[in-house]
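Structure file entry22.pdb (PDB, C-alpha atoms) follows.
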```pdb
ATOM      1  CA  MET W   1      12.320   1.172  16.321
ATOM      2  CA  THR W   2      15.150  -0.042  18.573
ATOM      3  CA  LYS W   3      17.293   2.785  19.877
ATOM      4  CA  SER W   4      20.827   2.171  21.107
ATOM      5  CA  PRO W   5      21.255   1.954  24.912
ATOM      6  CA  SER W   6      23.469   5.041  24.911
ATOM      7  CA  THR W   7      20.832   7.076  23.041
ATOM      8  CA  LEU W   8      18.202   6.008  25.556
ATOM      9  CA  GLY W   9      20.617   6.981  28.316
ATOM     10  CA  ILE W  10      20.860  10.512  26.936
ATOM     11  CA  ILE W  11      17.052  10.669  26.681
ATOM     12  CA  LEU W  12      16.784   9.548  30.327
ATOM     13  CA  PHE W  13      19.311  12.194  31.331
ATOM     14  CA  ILE W  14      17.280  14.912  29.590
ATOM     15  CA  ALA W  15      14.046  13.644  31.186
ATOM     16  CA  THR W  16      15.689  13.601  34.625
ATOM     17  CA  MET W  17      16.919  17.160  34.261
ATOM     18  CA  ILE W  18      13.442  18.267  33.122
ATOM     19  CA  VAL W  19      12.000  16.774  36.324
ATOM     20  CA  PHE W  20      14.738  18.447  38.377
ATOM     21  CA  PHE W  21      14.187  21.878  36.872
ATOM     22  CA  VAL W  22      10.377  21.611  37.072
ATOM     23  CA  VAL W  23      10.689  20.953  40.807
ATOM     24  CA  TYR W  24      13.360  23.650  41.121
ATOM     25  CA  THR W  25      11.308  26.247  39.216
ATOM     26  CA  PHE W  26       7.824  25.647  40.593
ATOM     27  CA  PHE W  27       8.340  24.075  44.027
ATOM     28  CA  SER W  28      11.479  25.677  45.483
ATOM     29  CA  GLY W  29       9.619  26.992  48.513
ATOM     30  CA  ILE W  30       8.877  25.639  51.954
ATOM     31  CA  ASN W  31       8.309  22.120  50.585
ATOM     32  CA  TYR W  32      11.283  22.015  48.208
ATOM     33  CA  PHE W  33      13.084  19.206  50.031
ATOM     34  CA  ASP W  34       9.947  17.088  50.510
ATOM     35  CA  ILE W  35       8.874  17.392  46.880
ATOM     36  CA  SER W  36      12.412  16.646  45.672
ATOM     37  CA  LEU W  37      12.443  13.583  47.897
ATOM     38  CA  LYS W  38       9.116  12.344  46.520
ATOM     39  CA  ALA W  39      10.220  12.902  42.923
ATOM     40  CA  ASN W  40      13.379  10.875  43.566
ATOM     41  CA  ALA W  41      11.548   8.142  45.450
ATOM     42  CA  PHE W  42       8.521   7.655  43.199
ATOM     43  CA  LEU W  43       8.679   9.434  39.833
ATOM     44  CA  LEU W  44      12.265   8.791  38.722
ATOM     45  CA  PRO W  45      12.348   5.046  39.571
ATOM     46  CA  VAL W  46       9.204   4.530  37.471
ATOM     47  CA  LEU W  47      10.715   6.577  34.636
ATOM     48  CA  TYR W  48      13.991   4.623  34.683
ATOM     49  CA  ALA W  49      12.295   1.233  35.029
ATOM     50  CA  GLY W  50       9.995   2.080  32.121
ATOM     51  CA  ALA W  51      12.906   3.111  29.913
ATOM     52  CA  ALA W  52      14.858  -0.031  30.793
ATOM     53  CA  PHE W  53      11.833  -2.213  30.041
ATOM     54  CA  TRP W  54      11.233  -0.501  26.697
ATOM     55  CA  SER W  55      14.912  -0.835  25.793
ATOM     56  CA  VAL W  56      14.943  -4.593  26.387
ATOM     57  CA  LYS W  57      11.457  -5.253  25.016
ATOM     58  CA  SER W  58      12.057  -3.418  21.737
ATOM     59  CA  TYR W  59      15.289  -5.360  21.223
ATOM     60  CA  TRP W  60      13.594  -8.638  22.174
ATOM     61  CA  ASN W  61      10.822  -7.992  19.622
ATOM     62  CA  THR W  62      13.303  -7.799  16.754
ATOM     63  CA  HIS W  63      15.750 -10.589  17.692
ATOM     64  CA  ARG W  64      14.979 -14.296  17.787
ATOM     65  CA  VAL W  65      17.836 -15.038  20.186
ATOM     66  CA  VAL W  66      18.500 -12.803  23.215
ATOM     67  CA  SER W  67      21.146 -13.758  25.760
ATOM     68  CA  PHE W  68      21.027 -12.798  29.433
ATOM     69  CA  LYS W  69      24.093 -10.615  28.906
ATOM     70  CA  GLU W  70      22.493  -8.702  26.037
ATOM     71  CA  ALA W  71      19.205  -8.209  27.890
ATOM     72  CA  PHE W  72      21.083  -7.065  31.019
ATOM     73  CA  LYS W  73      23.134  -4.605  28.961
ATOM     74  CA  ARG W  74      20.042  -3.234  27.207
ATOM     75  CA  ALA W  75      18.466  -2.502  30.596
ATOM     76  CA  PHE W  76      21.525  -1.346  32.551
ATOM     77  CA  VAL W  77      23.360   0.934  30.133
ATOM     78  CA  PRO W  78      20.524   3.484  29.601
ATOM     79  CA  MET W  79      19.900   3.762  33.346
ATOM     80  CA  PHE W  80      23.600   4.064  34.137
ATOM     81  CA  ILE W  81      24.237   6.767  31.533
ATOM     82  CA  GLY W  82      21.109   8.719  32.476
ATOM     83  CA  GLY W  83      21.843   8.385  36.174
ATOM     84  CA  ILE W  84      25.518   9.295  36.229
ATOM     85  CA  LEU W  85      25.080  12.287  33.904
ATOM     86  CA  SER W  86      22.186  13.510  36.060
ATOM     87  CA  ILE W  87      24.150  13.119  39.304
ATOM     88  CA  PHE W  88      27.097  15.111  37.913
ATOM     89  CA  SER W  89      24.836  17.817  36.471
ATOM     90  CA  ILE W  90      22.698  18.263  39.595
ATOM     91  CA  TYR W  91      25.820  18.301  41.794
ATOM     92  CA  ALA W  92      27.418  20.986  39.612
ATOM     93  CA  PHE W  93      24.239  23.065  39.512
ATOM     94  CA  LEU W  94      23.649  23.056  43.273
ATOM     95  CA  ASN W  95      27.295  23.546  44.236
ATOM     96  CA  PHE W  96      28.285  26.140  41.644
ATOM     97  CA  ALA W  97      25.297  27.642  39.822
ATOM     98  CA  ASP W  98      22.751  28.170  42.617
ATOM     99  CA  THR W  99      24.215  27.733  46.084
ATOM    100  CA  ASP W 100      21.093  29.331  47.618
ATOM    101  CA  ALA W 101      19.042  26.325  46.482
ATOM    102  CA  LYS W 102      21.642  24.094  48.086
ATOM    103  CA  LYS W 103      21.419  26.029  51.370
ATOM    104  CA  LEU W 104      17.632  25.767  51.286
ATOM    105  CA  LEU W 105      17.762  21.998  50.755
ATOM    106  CA  ASN W 106      20.262  21.579  53.583
ATOM    107  CA  TYR W 107      18.168  23.726  55.922
ATOM    108  CA  GLN W 108      14.959  21.858  55.113
ATOM    109  CA  TYR W 109      16.763  18.546  55.520
ATOM    110  CA  VAL W 110      17.809  19.487  59.057
ATOM    111  CA  GLN W 111      14.310  20.750  59.860
ATOM    112  CA  ARG W 112      12.789  17.508  58.606
ATOM    113  CA  GLN W 113      15.146  15.493  60.779
ATOM    114  CA  LYS W 114      14.221  17.578  63.829
ATOM    115  CA  SER W 115      10.508  17.272  63.040
ATOM    116  CA  GLU W 116      10.833  13.495  62.823
ATOM    117  CA  LEU W 117      12.679  13.463  66.150
ATOM    118  CA  ASP W 118       9.941  15.555  67.791
ATOM    119  CA  THR W 119       7.212  13.306  66.407
ATOM    120  CA  GLU W 120       9.009  10.174  67.547
ATOM    121  CA  TYR W 121       9.571  11.649  71.015
ATOM    122  CA  THR W 122       5.962  12.799  71.427
ATOM    123  CA  SER W 123       4.538   9.450  70.291
ATOM    124  CA  ALA W 124       6.831   7.460  72.576
ATOM    125  CA  ARG W 125       6.097   9.692  75.589
ATOM    126  CA  LYS W 126       2.325   9.209  75.234
ATOM    127  CA  ILE W 127       2.506   5.434  75.638
ATOM    128  CA  MET W 128       4.981   5.335  78.516
ATOM    129  CA  LYS W 129       3.581   4.596  81.985
ATOM    130  CA  HIS W 130       6.560   4.548  84.327
ATOM    131  CA  GLN W 131       8.276   7.774  85.365
ATOM    132  CA  LYS W 132      11.702   6.142  85.134
ATOM    133  CA  ASP W 133      11.158   5.366  81.427
ATOM    134  CA  ILE W 134       9.827   8.875  80.802
ATOM    135  CA  ASP W 135      12.862  10.468  82.485
ATOM    136  CA  GLU W 136      15.194   8.295  80.419
ATOM    137  CA  LEU W 137      13.366   9.240  77.210
ATOM    138  CA  ASP W 138      13.496  12.945  78.129
ATOM    139  CA  GLN W 139      17.227  12.692  78.717
ATOM    140  CA  LYS W 140      17.873  11.006  75.370
ATOM    141  CA  TYR W 141      15.668  13.570  73.619
ATOM    142  CA  LYS W 142      17.628  16.470  75.151
ATOM    143  CA  GLU W 143      20.909  14.851  74.115
ATOM    144  CA  ARG W 144      19.753  14.411  70.521
ATOM    145  CA  LEU W 145      18.487  17.993  70.419
ATOM    146  CA  GLN W 146      22.082  19.132  70.822
ATOM    147  CA  SER W 147      22.773  17.986  67.264
ATOM    148  CA  PHE W 148      20.260  20.569  66.015
ATOM    149  CA  THR W 149      21.713  23.637  67.713
ATOM    150  CA  PRO W 150      22.888  26.445  65.375
ATOM    151  CA  GLU W 151      26.494  25.588  66.178
ATOM    152  CA  ALA W 152      25.982  21.894  65.400
ATOM    153  CA  VAL W 153      24.195  22.402  62.056
ATOM    154  CA  LYS W 154      26.450  25.226  60.889
ATOM    155  CA  GLY W 155      28.189  24.100  57.746
ATOM    156  CA  LYS W 156      26.267  20.807  57.655
ATOM    157  CA  ASP W 157      26.161  19.775  54.014
ATOM    158  CA  MET W 158      24.342  16.752  52.618
ATOM    159  CA  LEU W 159      25.157  17.735  49.017
ATOM    160  CA  THR W 160      28.912  17.227  48.954
ATOM    161  CA  ALA W 161      30.723  15.103  46.368
ATOM    162  CA  SER W 162      31.046  12.237  48.854
ATOM    163  CA  HIS W 163      27.322  12.328  49.644
ATOM    164  CA  PHE W 164      26.440  12.351  45.945
ATOM    165  CA  SER W 165      28.750   9.353  45.469
ATOM    166  CA  GLY W 166      26.861   7.557  48.227
ATOM    167  CA  TYR W 167      23.512   8.408  46.640
ATOM    168  CA  PHE W 168      24.673   7.091  43.287
ATOM    169  CA  ALA W 169      26.026   3.886  44.848
ATOM    170  CA  ALA W 170      22.573   3.219  46.315
ATOM    171  CA  ILE W 171      20.926   4.013  42.969
ATOM    172  CA  LEU W 172      23.390   1.700  41.223
ATOM    173  CA  ILE W 173      22.123  -1.218  43.299
ATOM    174  CA  PHE W 174      18.617  -0.486  41.997
ATOM    175  CA  TYR W 175      19.920  -0.446  38.408
ATOM    176  CA  VAL W 176      21.718  -3.777  38.838
ATOM    177  CA  VAL W 177      18.778  -5.551  40.503
ATOM    178  CA  LEU W 178      16.357  -4.304  37.851
ATOM    179  CA  SER W 179      18.725  -5.251  35.022
ATOM    180  CA  VAL W 180      19.202  -8.754  36.436
ATOM    181  CA  PHE W 181      15.425  -9.160  36.558
ATOM    182  CA  PHE W 182      14.965  -7.986  32.958
ATOM    183  CA  GLY W 183      17.942 -10.055  31.827
ATOM    184  CA  ALA W 184      16.464 -13.225  33.326
ATOM    185  CA  PHE W 185      12.953 -12.458  32.081
ATOM    186  CA  PHE W 186      13.768 -11.599  28.469
ATOM    187  CA  ARG W 187      16.592 -14.003  27.724
ATOM    188  CA  THR W 188      15.804 -16.716  25.220
ATOM    189  CA  ARG W 189      15.245 -19.810  27.341
ATOM    190  CA  THR W 190      15.824 -22.407  24.632
ATOM    191  CA  ILE W 191      17.678 -21.978  21.381
ATOM    192  CA  HIS W 192      16.657 -24.386  18.645
ATOM    193  CA  GLN W 193      19.052 -24.615  15.740
ATOM    194  CA  PRO W 194      18.793 -27.051  12.809
ATOM    195  CA  GLU W 195      21.336 -29.815  12.950
ATOM    196  CA  GLU W 196      23.823 -29.873  10.162
ATOM    197  CA  THR W 197      24.858 -33.152   8.608
ATOM    198  CA  ASN W 198      28.489 -33.290   7.683
ATOM    199  CA  GLN W 199      29.175 -35.406   4.648
ATOM    200  CA  ALA W 200      32.574 -36.647   3.711
TER     201      ALA W 200
END
```
Translate this structure into structure tokens?
Amino acid sequence: MTKSPSTLGIILFIATMIVFFVVYTFFSGINYFDISLKANAFLLPVLYAGAAFWSVKSYWNTHRVVSFKEAFKRAFVPMFIGGILSIFSIYAFLNFADTDAKKLLNYQYVQRQKSELDTEYTSARKIMKHQKDIDELDQKYKERLQSFTPEAVKGKDMLTASHFSGYFAAILIFYVVLSVFFGAFFRTRTIHQPEETNQA
């Protein structure tokens, strides 16, 4: 059965929110940010790509002629609807319903950044031979550490409306690229139509 793109978009939205609340309910501890990041990087792209593929494939199975535009639309619209509704809902939840979860994500984000800086610094220092290079690295490390002081991170928010807009813009590129691929792959390459003979 071929579902409309908008219906599939609503289904994707519901599935996305289920993933969000599963992570929120069961993993909102010391690894909340990392698990959220992995879900967004690995699970959701597979889910959205699968839904887009099914949307185009089911339409392609029931129509002899499929244009690039139609195939693109069948792939893009479900992902766009599911994505934009999810972005708005998650933004509203974290900024108005549970601000403690937002604070936890922001805190863990800063800690992850500092951990990555420490790892990078330690690795680079081990391979350096000359004291001049080591001193220069130490100086740069101390300067970057200033961005992690309590005063510097106070009020730091990666979950503002502008940040969410940036996230969605990046996601939108993924939707477009994937839809172009499906549009090119599923379009009918040659359309054979019987010639009509006009008689006077």
Quick one: residues within 12 Å of W:Val153, only C-alpha atoms counted, chain neighbours fewer than 2 positions away excluded, as a list in words? Lys103, Asn106, Tyr107, Gln108, Tyr109, Val110, Gln111, Gln113, Lys114, Leu145, Gln146, Ser147, Phe148, Thr149, Pro150, Glu151, Gly155, Lys156, Asp157 and Met158 of chain W
Quick one: residues within 10 Å of W:Tyr121, all atoms listed in the file counted, chain neighbours fewer than 6 positions away excluded, as a PDB file with C-alpha atoms, in the coordinates of the input?
```pdb
ATOM      1  CA  SER W 115      10.508  17.272  63.040  1.00  0.00           C
ATOM      2  CA  LEU W 137      13.366   9.240  77.210  1.00  0.00           C
ATOM      3  CA  ASP W 138      13.496  12.945  78.129  1.00  0.00           C
ATOM      4  CA  LYS W 140      17.873  11.006  75.370  1.00  0.00           C
ATOM      5  CA  TYR W 141      15.668  13.570  73.619  1.00  0.00           C
TER       6      TYR W 141
END
```
Name the residues that the PyMOL selection byres ((chain W and resi 33-40) around 10) picks from the file above, as a ChimeraX atom specification, using the file's chain letters and numbers. /W:16,19-20,23-24,27-32,41-46,101,104-109,112
Please produce an output containing C-alpha atoms for each residue in the selection, written as a PDB file, in the frame of the given file.
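This is the output file again-v2.pdb:
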```
ATOM      1  CA  THR W  16      15.689  13.601  34.625  1.00  0.00           C
ATOM      2  CA  VAL W  19      12.000  16.774  36.324  1.00  0.00           C
ATOM      3  CA  PHE W  20      14.738  18.447  38.377  1.00  0.00           C
ATOM      4  CA  VAL W  23      10.689  20.953  40.807  1.00  0.00           C
ATOM      5  CA  TYR W  24      13.360  23.650  41.121  1.00  0.00           C
ATOM      6  CA  PHE W  27       8.340  24.075  44.027  1.00  0.00           C
ATOM      7  CA  SER W  28      11.479  25.677  45.483  1.00  0.00           C
ATOM      8  CA  GLY W  29       9.619  26.992  48.513  1.00  0.00           C
ATOM      9  CA  ILE W  30       8.877  25.639  51.954  1.00  0.00           C
ATOM     10  CA  ASN W  31       8.309  22.120  50.585  1.00  0.00           C
ATOM     11  CA  TYR W  32      11.283  22.015  48.208  1.00  0.00           C
ATOM     12  CA  ALA W  41      11.548   8.142  45.450  1.00  0.00           C
ATOM     13  CA  PHE W  42       8.521   7.655  43.199  1.00  0.00           C
ATOM     14  CA  LEU W  43       8.679   9.434  39.833  1.00  0.00           C
ATOM     15  CA  LEU W  44      12.265   8.791  38.722  1.00  0.00           C
ATOM     16  CA  PRO W  45      12.348   5.046  39.571  1.00  0.00           C
ATOM     17  CA  VAL W  46       9.204   4.530  37.471  1.00  0.00           C
ATOM     18  CA  ALA W 101      19.042  26.325  46.482  1.00  0.00           C
ATOM     19  CA  LEU W 104      17.632  25.767  51.286  1.00  0.00           C
ATOM     20  CA  LEU W 105      17.762  21.998  50.755  1.00  0.00           C
ATOM     21  CA  ASN W 106      20.262  21.579  53.583  1.00  0.00           C
ATOM     22  CA  TYR W 107      18.168  23.726  55.922  1.00  0.00           C
ATOM     23  CA  GLN W 108      14.959  21.858  55.113  1.00  0.00           C
ATOM     24  CA  TYR W 109      16.763  18.546  55.520  1.00  0.00           C
ATOM     25  CA  ARG W 112      12.789  17.508  58.606  1.00  0.00           C
TER      26      ARG W 112
END
```
Length of the atom CA of W:Val66 to atom CA of W:Leu12 vector [Å]: 23.5 Å
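Of the residues listed (W:Gly9, W:Thr25, W:Ile87, W:Tyr48), W:Ile87 shows the shortest atom-to-atom separation from W:Gly166; distances use all atoms listed in the file.
Of the listed residues W:Lys3, W:Leu8, W:Arg64, W:Phe76, the one whose atoms come nearest to W:Ile173 is W:Phe76, with distances taken using all atoms listed in the file.
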Gap from atom CA of W:Leu85 to atom CA of W:Lys102 - Å, one decimal: 18.8 Å
